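Q: Pasting in a structure now, in structure tokens, and then I'll have a few things to ask.
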Amino acid sequence: MCKQTLYPICISFLFIFVSVPCISVSAKETVTPETVFPFSLEIAKKAQQQFPKNADSHFLVGNVYYRAQQYEDAIAAFKKGLEIKPNQIDIVQLIAFIYSRQSRFEEAAEWYRMTLALNPRAPQASERLGLALVQCNQMEEARQAFEDAVRTDPQDASAHYHLAERYSDEGRLGEAIKEAELTIQHDNRFPEPYYLLSNIYRKQGNPDQSKEMLERFRLKKEAEEKWIEQNEKPDSGEKSAARMAAQTLIEAGALYYQQKRDKEAESCFLRALSLDAKNEPARFNLAHLYQEKGRNDKAAALFGELIVINANDYRYHLGMGMILAAQKEWLEAERCLDKALALQPDAVEAQRTLARVLLLAHRDPIKALQLMRQAVEIEKNAENYNYLSQAYYMNGQLEESLEAMGKALELAPNNPTYRQRFEKLRAAVMR
């Protein structure tokens with residue numbers, strides 16, 4: 001039996017101590033660099049055999065092959081999954097990336113174009129398409145791809161740099177200087193744009209400016225090498241292997257959870273923690289599973305640990321706040337949810353949960369109404385309109401409450417609770 005443990009929950013300048021049982025983790029497993037691939041593949045293949053018609057089981061196998069750098073097998077598994085569930089943009093873009101790693105640049109370009117067809121603003125897709133096209137010697141198309149990239153994300157320093165290179169090679173030196181300067185403006189850590197500017201100024205016949213940029217390049221390069229020497233400590237093979245195996249278990253656990261196989265999901269997440277004790281995704285997924293199943297003591301223990309590990313992730317404070325709300329610990333729930341919203345002001349679930357806490361505790365109906373107005377602006381769904389209606393009602397605004405409940409009913413016409421509330425509000429307004 002585990003002893004009762006106190007988990008500190010940091011909220012602003014306060015600490016809330018929640019007494020929860022500690023989480024017992026499976027007996028520690030071990031993997032080595034030599035065993036991590038067969039260990040992970042066995043887990044993934046078992047899930048694939050159990051759920052052969054589920055695309056995610058094939059994506060799981062593909063991820064194992066990808067992490068092992070067995071790229072042909074990874075691509076085959078990913079494509080098998082896409083046959084079942086097409087248009088999965090992350091997988092499409094990953095296949096493009098693998099083709100680039102294999103120096104199969106024409107195929108990479110094809111798959112990056114497929115990515116952009118699914119989402120023209122897909123992060124880094126235009127830039128990586130441009131890099132693939134450079135390798136295919138399709139320079140005009142590459143430049144157009146980089147132009148698309150900086151339009152999509154004007155603060156992407158590397159896209160500005162690659163566009164500067166294209167402009168420089170085309171002799172558009174003024175535009176090249178502008179793009180190189182934008183590279184430095186958005187991220188001044190890297191030395192390469194200074195070297196490019198040195199070459200451009202030399203082409204323009206400006207030796208003094210060329211020399212100045214070359215000196216800046218030298219200083220940035222020295223600073224970069226020093227930072228790498230101080231900060232990029234080599235990772236032990238055993239730790240890296242443990243993290244890789246844990247990642248496979250997390251992905252398998254998510255698949256089992258999706259299939260409502262909670263015991264297998266729980267086992268996978270616990271095994272992941274036995275391999276990598278500080279793994280946040282394993283803890284978070286396990287906490288979510290326990291929370292969904294009403295095992296609030298165990299969920300609270302995990303959320304408490306997560307907040308200690310990383311107090312800057314709003315999801316951990318939200319999870320703890322939801323558990324405290326379920327236990328009617330209104331003040332502590334409010335504090336947790338306020339912290340979640342301080343970290344992520346547009347988190348609709350946190351807005352809605354805090355509004356619900358304030359209404360149920362009869363604490364601050366005006367603030368609850370403000371929160372639900374914000375939530376409805378972000379997500380116009382039936383649940384949000386339902387709580388907006390309740391907030392209006394608690395503030396004595398019956399007509400607005402009726403209007404909001406009407407919108408909830410429009411979005412969920414078969415919900416009997418919404419229908420009943422709408423009829424009661426309508427009768428109240430007509431009196």
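Letters A, B, ... mark the chains of the structure tokens in the order given; residue numbers begin at 1 per chain; ligand numbers begin at 1, in order shown.
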For Leu306 (chain A), list every protein, DNA or RNA residue within 9 Å, evaluated using only C-alpha atoms, and leave out those in the same chain fewer than 5 positions away; present the list as number ranges by chain.

A: A: 278, 280, 283-284, 301, 311, 313, 316-317

Q: Would you please extract all alpha helix (DSSP H) residues from region 202-316 of chain A, as assigned by DSSP on the backbone, and give them as number ranges by chain?

A: A: 202-203, 207-231, 237-258, 262-275, 280-292, 296-309, 314-316

Q: What's the separation between CA of Gly319 (chain A) and CA of Ala342 (chain A), in Å to one decimal place?

A: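 So the two atoms, CA of Gly319 (chain A) and CA of Ala342 (chain A), lie 14.6 Å apart.
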
Q: Would you kindly return, as a ChimeraX atom specification, each protein, DNA or RNA residue with an atom no farther than 10 Å from any atom of Arg352 (chain A), considering only C-alpha atoms and excluding same-chain residues fewer than 5 positions away?

A: /A:337,347,357-358,368-369,371-376,383-384,387-388

Q: Write out as JSON, numbers by chain which residues come within 9 Å of region 157-170 of chain A when counting only C-alpha atoms, dropping same-chain ones fewer than 3 positions away.

A: {"A": [124, 126, 127, 130, 131, 139, 140, 142, 143, 144, 145, 146, 147, 149, 150, 153, 154, 173, 174, 175, 176, 177, 178, 179, 180, 181, 182, 183, 184, 185, 186, 187, 188, 192, 193, 196, 200]}

Q: Write a file of the just-selected residues containing C-alpha atoms, as a PDB file, in the first residue's frame.

A:
ATOM      1  CA  GLN A 124       7.407  24.550 -43.113  1.00  0.00           C
ATOM      2  CA  SER A 126       6.530  25.468 -48.609  1.00  0.00           C
ATOM      3  CA  GLU A 127      10.077  25.992 -47.350  1.00  0.00           C
ATOM      4  CA  GLY A 130      11.673  24.846 -51.992  1.00  0.00           C
ATOM      5  CA  LEU A 131      14.688  22.980 -50.591  1.00  0.00           C
ATOM      6  CA  MET A 139      15.374  27.117 -59.177  1.00  0.00           C
ATOM      7  CA  GLU A 140      12.474  29.318 -60.276  1.00  0.00           C
ATOM      8  CA  ALA A 142      12.098  26.834 -55.567  1.00  0.00           C
ATOM      9  CA  ARG A 143      12.148  30.614 -55.295  1.00  0.00           C
ATOM     10  CA  GLN A 144       8.358  30.712 -55.665  1.00  0.00           C
ATOM     11  CA  ALA A 145       8.051  28.137 -52.885  1.00  0.00           C
ATOM     12  CA  PHE A 146      10.221  30.254 -50.574  1.00  0.00           C
ATOM     13  CA  GLU A 147       8.134  33.320 -51.439  1.00  0.00           C
ATOM     14  CA  ALA A 149       6.771  30.329 -47.231  1.00  0.00           C
ATOM     15  CA  VAL A 150       7.491  33.910 -46.113  1.00  0.00           C
ATOM     16  CA  ASP A 153       4.851  32.884 -41.973  1.00  0.00           C
ATOM     17  CA  PRO A 154       6.534  36.290 -42.229  1.00  0.00           C
ATOM     18  CA  LEU A 173      20.830  41.830 -54.865  1.00  0.00           C
ATOM     19  CA  GLY A 174      18.705  44.545 -53.262  1.00  0.00           C
ATOM     20  CA  GLU A 175      15.932  42.059 -52.542  1.00  0.00           C
ATOM     21  CA  ALA A 176      18.508  39.538 -51.323  1.00  0.00           C
ATOM     22  CA  ILE A 177      19.882  42.073 -48.820  1.00  0.00           C
ATOM     23  CA  LYS A 178      16.373  42.811 -47.556  1.00  0.00           C
ATOM     24  CA  GLU A 179      15.617  39.103 -47.028  1.00  0.00           C
ATOM     25  CA  ALA A 180      18.965  38.483 -45.311  1.00  0.00           C
ATOM     26  CA  GLU A 181      18.317  41.409 -42.975  1.00  0.00           C
ATOM     27  CA  LEU A 182      14.859  40.020 -42.212  1.00  0.00           C
ATOM     28  CA  THR A 183      16.525  36.703 -41.371  1.00  0.00           C
ATOM     29  CA  ILE A 184      18.701  38.465 -38.785  1.00  0.00           C
ATOM     30  CA  GLN A 185      15.758  40.500 -37.498  1.00  0.00           C
ATOM     31  CA  HIS A 186      13.658  37.402 -36.814  1.00  0.00           C
ATOM     32  CA  ASP A 187      16.495  35.230 -35.459  1.00  0.00           C
ATOM     33  CA  ASN A 188      19.937  36.733 -34.941  1.00  0.00           C
ATOM     34  CA  GLU A 192      24.902  32.169 -42.244  1.00  0.00           C
ATOM     35  CA  PRO A 193      23.049  35.381 -43.230  1.00  0.00           C
ATOM     36  CA  LEU A 196      25.615  35.723 -47.472  1.00  0.00           C
ATOM     37  CA  ILE A 200      26.368  40.217 -51.779  1.00  0.00           C
TER      38      ILE A 200
END

Q: Set the distance at 9 Å and use only C-alpha atoms: which residues neighbour Arg128 (chain A) once local chain neighbours fewer than 4 positions away are removed? I'd like the list as JSON, numbers by chain.

A: {"A": [96, 97, 100, 108, 109, 112, 124, 132, 133, 145, 146]}

Q: CA of Glu251 (chain A) and CA of Gly304 (chain A), how far apart in Å?

A: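 CA of Gly304 (chain A) sits 22.9 Å away from CA of Glu251 (chain A).
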
Q: Determine the nearest neighbour of Cys136 (chain A) from the options A:Glu266, A:Glu305, A:Glu110, A:Asp148, counting only C-alpha atoms.

A: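 Of A:Glu266, A:Glu305, A:Glu110, A:Asp148, the one nearest Cys136 (chain A), counting only C-alpha atoms, is A:Glu110.
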
Q: Find the spatial neighbours of Asp56 (chain A), counting only C-alpha atoms, within a cut-off of 12 Å - ignore same-chain residues fewer than 6 positions away - and output them as a PyMOL selection string.

A: chain A and resi 44-45+47-50+62-63+77-86+88+91+251-259

Q: Applying 12 Å and only C-alpha atoms, which residues near Lys424 (chain A) remain after dropping the ones on its own chain fewer than 6 positions away? List them as a PyMOL selection string.

A: chain A and resi 393+398-399+401-402+405-406+417-418+430-431

Q: Please produce a file of the residues just selected, as a CSV table (one decimal), in the first residue's frame, where the atoms kept are C-alpha atoms.

A:
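The resulting out.csv:
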chain,number,residue,atom,x,y,z
A,393,TYR,CA,-29.7,33.7,-16.3
A,398,LEU,CA,-33.6,36.4,-19.1
A,399,GLU,CA,-34.1,37.4,-22.8
A,401,SER,CA,-30.5,33.7,-21.7
A,402,LEU,CA,-33.4,32.5,-23.8
A,405,MET,CA,-30.4,28.6,-25.2
A,406,GLY,CA,-32.2,28.8,-28.5
A,417,THR,CA,-32.2,19.0,-21.4
A,418,TYR,CA,-31.7,21.9,-23.8
A,430,MET,CA,-43.5,35.6,-21.5
A,431,ARG,CA,-44.8,36.1,-18.0

Q: Would you please work out which residue, of A:Asn395, A:Ser40, A:Asn231, A:Asn296, is nearest to Ile323 (chain A) when using only C-alpha atoms?

A: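 The answer is A:Asn296, which sits nearest to Ile323 (chain A).
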
Q: Could you tell me how far CA of Ile307 (chain A) lies from CA of Ala287 (chain A), in Å and to one decimal?

A: 12.1 Å
